[in-house]
Every structure is written in C-alpha cells, then in structure tokens.
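Here's entry08.tsv, which has TSV, C-alpha atoms:
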chain	number	residue	atom	x	y	z
A	1	MET	CA	-8.38	12.43	-31.95
A	2	THR	CA	-7.34	16.09	-32.28
A	3	PRO	CA	-8.44	17.73	-35.56
A	4	VAL	CA	-5.64	18.75	-37.90
A	5	THR	CA	-5.80	22.45	-38.69
A	6	PRO	CA	-4.27	24.04	-41.81
A	7	GLY	CA	-1.55	25.59	-39.62
A	8	ARG	CA	-0.72	22.20	-38.12
A	9	LYS	CA	-0.57	20.61	-41.60
A	10	LEU	CA	1.96	23.25	-42.67
A	11	GLN	CA	4.01	22.61	-39.52
A	12	MET	CA	3.96	18.82	-40.15
A	13	ARG	CA	5.12	19.36	-43.75
A	14	LYS	CA	8.02	21.52	-42.54
A	15	GLU	CA	9.02	18.86	-40.01
A	16	VAL	CA	8.89	16.08	-42.60
A	17	TRP	CA	10.99	18.08	-45.08
A	18	ALA	CA	13.51	18.94	-42.34
A	19	PHE	CA	13.79	15.24	-41.40
A	20	PHE	CA	14.16	14.18	-45.04
A	21	PHE	CA	16.94	16.67	-45.81
A	22	SER	CA	18.70	15.81	-42.53
A	23	VAL	CA	18.82	12.13	-43.54
A	24	VAL	CA	20.13	13.02	-47.02
A	25	LEU	CA	22.75	15.37	-45.59
A	26	LEU	CA	23.87	12.86	-42.95
A	27	GLY	CA	24.12	10.13	-45.58
A	28	SER	CA	26.26	12.26	-47.83
A	29	PHE	CA	28.68	13.16	-45.00
A	30	VAL	CA	28.98	9.55	-43.83
A	31	SER	CA	29.64	8.26	-47.32
A	32	VAL	CA	32.13	11.01	-48.18
A	33	SER	CA	34.09	10.42	-44.99
A	34	CYS	CA	34.24	6.65	-45.58
A	35	GLY	CA	34.10	6.57	-49.39
A	36	GLY	CA	37.84	6.59	-49.95
A	37	GLU	CA	38.48	3.80	-47.47
A	38	GLU	CA	38.31	0.08	-48.13
A	39	SER	CA	34.68	-0.06	-46.98
A	40	GLY	CA	33.42	0.74	-50.49
A	41	LEU	CA	30.60	2.95	-49.22
A	42	LYS	CA	28.87	4.80	-52.08
A	43	TRP	CA	26.13	7.35	-52.28
A	44	GLY	CA	24.06	8.69	-55.13
A	45	PHE	CA	20.60	9.55	-56.32
A	46	SER	CA	18.08	8.62	-58.99
A	47	PHE	CA	15.11	10.29	-60.63
A	48	GLY	CA	12.25	8.21	-61.91
A	49	ALA	CA	8.92	8.26	-63.66
A	50	GLY	CA	6.24	5.62	-63.83
A	51	GLN	CA	2.82	4.60	-65.04
A	52	PRO	CA	0.21	2.51	-63.18
A	53	GLN	CA	0.04	-1.24	-63.57
A	54	LYS	CA	-3.75	-1.05	-63.65
A	55	SER	CA	-5.83	1.64	-62.06
A	56	LYS	CA	-9.25	3.21	-62.41
A	57	GLU	CA	-7.50	6.59	-62.20
A	58	SER	CA	-5.09	8.09	-64.69
A	59	LEU	CA	-1.86	8.79	-62.82
A	60	ASN	CA	1.85	9.47	-63.19
A	61	HIS	CA	4.45	8.64	-60.55
A	62	TRP	CA	7.46	10.95	-60.22
A	63	ALA	CA	10.22	10.11	-57.73
A	64	PHE	CA	13.56	11.21	-56.31
A	65	PHE	CA	15.65	8.61	-54.45
A	66	PRO	CA	18.84	9.78	-52.65
A	67	ARG	CA	20.74	6.74	-51.37
A	68	MET	CA	23.73	5.26	-49.61
A	69	ASP	CA	25.05	1.80	-50.59
A	70	VAL	CA	26.80	-0.41	-48.05
A	71	PRO	CA	28.60	-3.55	-49.32
A	72	VAL	CA	27.84	-6.64	-47.25
A	73	ILE	CA	29.69	-9.50	-48.97
A	74	LYS	CA	30.80	-10.12	-52.54
A	75	ASN	CA	27.95	-9.34	-54.98
A	76	TRP	CA	25.55	-8.17	-52.21
A	77	GLU	CA	24.81	-4.62	-51.00
A	78	ILE	CA	22.33	-3.01	-48.65
A	79	GLU	CA	20.97	0.30	-49.81
A	80	ILE	CA	19.43	2.93	-47.52
A	81	GLU	CA	17.30	5.13	-49.72
A	82	GLY	CA	15.23	8.25	-49.21
A	83	ASN	CA	11.90	8.35	-51.03
A	84	ALA	CA	10.34	11.59	-52.25
A	85	SER	CA	7.43	10.59	-54.49
A	86	TYR	CA	4.67	12.54	-56.17
A	87	TYR	CA	1.63	10.80	-57.63
A	88	ASP	CA	-0.12	13.05	-60.15
A	89	ILE	CA	-3.62	11.55	-60.04
A	90	ALA	CA	-6.26	12.83	-62.48
A	91	LYS	CA	-9.72	13.73	-61.11
A	92	THR	CA	-8.68	13.44	-57.45
A	93	LYS	CA	-6.15	14.70	-54.92
A	94	ASN	CA	-2.45	14.32	-55.76
A	95	LEU	CA	-0.43	12.18	-53.37
A	96	TYR	CA	2.94	13.14	-51.86
A	97	VAL	CA	5.13	10.62	-50.00
A	98	LEU	CA	8.33	11.20	-48.00
A	99	GLY	CA	10.01	8.16	-46.50
A	100	LEU	CA	12.91	5.80	-46.13
A	101	ASN	CA	13.44	2.49	-47.96
A	102	THR	CA	15.87	-0.34	-47.38
A	103	ASN	CA	16.86	-2.33	-50.45
A	104	ILE	CA	18.99	-5.41	-51.03
A	105	LEU	CA	21.04	-5.47	-54.24
A	106	PHE	CA	22.41	-8.66	-55.75
A	107	LYS	CA	24.99	-8.27	-58.54
A	108	PRO	CA	25.25	-11.64	-60.33
A	109	PHE	CA	27.09	-10.32	-63.43
A	110	ARG	CA	30.04	-7.95	-63.58
A	111	TRP	CA	32.23	-6.91	-66.48
A	112	GLU	CA	35.01	-4.38	-66.94
A	113	GLY	CA	32.72	-1.40	-67.56
A	114	GLY	CA	29.64	-2.27	-65.54
A	115	GLU	CA	27.44	-4.42	-63.37
A	116	PHE	CA	23.98	-5.94	-63.66
A	117	PHE	CA	21.89	-5.95	-60.46
A	118	LEU	CA	18.62	-7.23	-59.03
A	119	LEU	CA	16.89	-5.18	-56.34
A	120	GLY	CA	14.23	-5.88	-53.71
A	121	GLY	CA	13.18	-3.64	-50.85
A	122	ALA	CA	10.62	-2.22	-48.48
A	123	GLY	CA	10.07	1.05	-46.67
A	124	LEU	CA	7.77	3.36	-44.75
A	125	GLY	CA	6.82	6.94	-45.40
A	126	TYR	CA	4.55	9.83	-44.53
A	127	ASP	CA	1.79	10.71	-47.01
A	128	ASN	CA	-0.71	13.57	-47.32
A	129	ASN	CA	-3.80	11.34	-47.56
A	130	GLY	CA	-5.10	11.75	-44.00
A	131	ASP	CA	-8.54	12.65	-45.33
A	132	GLY	CA	-8.78	9.48	-47.46
A	133	GLU	CA	-9.45	11.32	-50.73
A	134	VAL	CA	-7.09	9.01	-52.65
A	135	ARG	CA	-9.26	5.91	-52.41
A	136	ASP	CA	-6.54	3.35	-53.22
A	137	ILE	CA	-4.55	4.45	-50.15
A	138	GLY	CA	-5.83	4.42	-46.55
A	139	ASP	CA	-6.18	7.52	-44.38
A	140	SER	CA	-3.52	7.03	-41.68
A	141	HIS	CA	-0.76	9.29	-43.19
A	142	VAL	CA	1.48	6.19	-43.25
A	143	ALA	CA	2.59	4.64	-46.53
A	144	GLY	CA	4.18	1.22	-46.87
A	145	VAL	CA	6.38	0.60	-49.91
A	146	LEU	CA	7.40	-2.67	-51.56
A	147	GLN	CA	9.59	-2.68	-54.66
A	148	GLY	CA	11.53	-5.00	-56.91
A	149	GLY	CA	13.51	-4.47	-60.06
A	150	LEU	CA	16.69	-4.80	-62.07
A	151	GLY	CA	19.23	-2.49	-63.57
A	152	ILE	CA	22.71	-1.74	-64.85
A	153	LEU	CA	25.54	0.29	-63.34
A	154	TYR	CA	27.84	1.65	-66.05
A	155	ARG	CA	31.26	3.00	-65.04
A	156	LEU	CA	31.84	6.58	-66.21
A	157	GLY	CA	35.02	7.18	-64.22
A	158	ARG	CA	37.13	5.87	-61.37
A	159	SER	CA	34.37	6.30	-58.78
A	160	LEU	CA	31.46	7.56	-60.88
A	161	TRP	CA	28.70	5.26	-62.09
A	162	LEU	CA	25.63	5.85	-64.26
A	163	ARG	CA	22.66	3.85	-62.99
A	164	GLY	CA	19.67	2.84	-65.12
A	165	GLU	CA	16.94	0.60	-63.78
A	166	TYR	CA	13.37	-0.67	-63.93
A	167	ARG	CA	11.32	-0.93	-60.71
A	168	PHE	CA	7.92	-2.33	-59.89
A	169	HIS	CA	6.74	-0.05	-57.07
A	170	HIS	CA	3.81	-0.78	-54.71
A	171	ILE	CA	2.50	1.72	-52.16
A	172	SER	CA	-0.34	1.16	-49.71
A	173	ASP	CA	-1.43	1.93	-46.15
A	174	PRO	CA	-0.06	-0.82	-43.87
A	175	PHE	CA	-2.85	-0.17	-41.34
A	176	ASP	CA	-5.78	-0.37	-43.78
A	177	LYS	CA	-7.13	-2.97	-46.19
A	178	ASP	CA	-6.62	-1.00	-49.37
A	179	GLY	CA	-5.54	-2.12	-52.82
A	180	GLY	CA	-2.69	0.35	-52.99
A	181	ILE	CA	-1.12	1.75	-56.14
A	182	ASN	CA	1.24	-0.30	-58.33
A	183	THR	CA	3.50	1.42	-60.86
A	184	HIS	CA	6.12	0.42	-63.41
A	185	ASN	CA	9.01	2.89	-63.15
A	186	VAL	CA	12.12	3.75	-65.14
A	187	LEU	CA	14.91	5.37	-63.10
A	188	LEU	CA	18.12	7.10	-64.10
A	189	GLY	CA	20.77	8.20	-61.62
A	190	VAL	CA	24.40	8.37	-60.58
A	191	SER	CA	26.49	6.77	-57.82
A	192	PHE	CA	29.74	8.11	-56.38

Show me the file's structure as structure tokens.
Amino acid sequence: MTPVTPGRKLQMRKEVWAFFFSVVLLGSFVSVSCGGEESGLKWGFSFGAGQPQKSKESLNHWAFFPRMDVPVIKNWEIEIEGNASYYDIAKTKNLYVLGLNTNILFKPFRWEGGEFFLLGGAGLGYDNNGDGEVRDIGDSHVAGVLQGGLGILYRLGRSLWLRGEYRFHHISDPFDKDGGINTHNVLLGVSF
C-alpha cells in the first residue's frame, strides 16, 4: 500500500469537497427545474447537533445535511441527502465525514399546516480516520451510516416548510469490526 503523504491528504480533501459541493449543486438545479411541475420534487437542508448514546469519550456531533426529496407514492418519499459531519471528540483526534445517505420517509399523519414523518436510512462516506486514532471507528477511510428518526414539517408558506426532527445516528467502518459511534441528534432545517 502506498503511504499517504501530507500533500496527498490535502489533495484528497480537496477532491472530496469538490465532489460534495458538485452533488449539492446538481441536486439544487434538478429540484429547481422540476420543483414547479407535478412531480413534487423538493430540496432543502438541515443543521443538527447531537450527544453520544454511550461512549468512553466525551464528544459532540455537528452535522449539515443538504437534501433532495422525491415522492414515490402517497405518504412515502425517498430522500437523497449529503452528509457533512464533524465529531468533536475530547482527548483524541476529531472525526470529519463527507458522504451521501439515502432515506425513506413515511408520513402517516398530515394536517392543514404540517406533516408528521418517520425516517430510516443508510449511507456511505469518506472519513479522516485512516490512521485509526479514533478507536471506535476502523481505519479504512470509509464510514457506514445507519439512521432512524421522526419529525414534523410545518408549512411556512406555499412551498416553504420548516423541518424539525430527532435522529438516532450510527456511524462505523463497514470493513472493520468496530463498535462505531451512536448519537442522539436534534435537527432543524427548511425544505423548498
């Protein structure tokens, strides 16, 4: 295996950021071009913060999730979501994750001003733990994400929604037998 030099790490970070912003930009153009049609395509973003379920380390999870929602059938949507997460871990290396998640939303209750939803999803991402310093995550630079939660969409305008939700978020290395990191997160965002 070729050693990763500091220059190569910087180049990899630039490539990951370029890919991430390309996906976000593409998603926003696709949704804007189709948003006014009958397809019901929406896009939006959420910011979140979380605490660990149980961990030997003190940590905070900060996240940004840009997304595009695609209606499937009544009460069901598929959500393609970017994942930019930062794990502020005390006494060890901080963890950064950039990736893509796919979620399924089920909306069992709707009323005039809002909707209640349940969410489940999975995704893959690139992390900065190639040296294995964060012991709960393996050292392959690949992060697997599983998440589940619930939330409310509150209508602010004709096509503007405020989104509040709770998510249980699990991240681990899919190629290593590690315990991973589990966090309880509160997210707040908007959908267009």

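When only C-alpha atoms are used to measure the gap to Leu156 (chain A), the shortest distance among A:Ser85, A:Ser191, A:Asn103, A:Thr183 belongs to A:Ser191.
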
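Distances here use all atoms listed in the file; by that measure, the residue among A:Phe116, A:Tyr96, A:Phe168, A:Tyr86 closest to Ile152 (chain A) is A:Phe116.
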
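With CA of Asn94 (chain A) on one side and CA of Val186 (chain A) on the other, the separation reads 20.3 Å.
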
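Separating CA of Ile78 (chain A) from CA of Leu95 (chain A) is a distance of 27.8 Å.
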
Exercise. For His170 (chain A), which residue among A:Arg67, A:Arg158, A:Lys42, A:Lys54 is the nearest when counting only C-alpha atoms?
Worked result: A:Lys54

Exercise. Hey, what's within 12 Å of Pro71 (chain A) if we count only C-alpha atoms and toss same-chain stuff fewer than 6 positions away? As a list in words, please?
Worked result: Gly35, Glu38, Ser39, Gly40, Leu41, Lys42, Trp43, Glu77, Ile78, Glu79, Ile80, Asn103, Ile104, Leu105, Phe106 and Lys107 of chain A

Extract, using only C-alpha atoms, all DNA, RNA and protein residues at most 7 Å from Leu146 (chain A), discarding same-chain residues fewer than 5 positions from it, and format them as an mmCIF file with C-alpha atoms, in the coordinates of the input.
data_model
loop_
_atom_site.group_PDB
_atom_site.id
_atom_site.type_symbol
_atom_site.label_atom_id
_atom_site.label_comp_id
_atom_site.auth_asym_id
_atom_site.auth_seq_id
_atom_site.Cartn_x
_atom_site.Cartn_y
_atom_site.Cartn_z
ATOM 1 C CA GLY A 121 13.180 -3.640 -50.850
ATOM 2 C CA ALA A 122 10.620 -2.220 -48.480
ATOM 3 C CA GLY A 123 10.070 1.050 -46.670
ATOM 4 C CA HIS A 169 6.740 -0.050 -57.070
ATOM 5 C CA HIS A 170 3.810 -0.780 -54.710
ATOM 6 C CA ILE A 171 2.500 1.720 -52.160
#

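The two atoms in question, CA of Gln147 (chain A) and CA of Val134 (chain A), are spaced 20.5 Å apart.
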
For this session: Please provide as a list of chain:residue names all residues within 6 Å of Gly50 (chain A), with the sequence filter that same-chain residues fewer than 3 positions apart are discarded (counting only C-alpha atoms).
Result: A:Asn60, A:His61, A:Thr183, A:His184, A:Asn185

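Shortest atom-to-atom contact with Gly44 (chain A) among A:Gly113, A:Pro108, A:Gly132, A:Gly189: A:Gly189, counting only C-alpha atoms.
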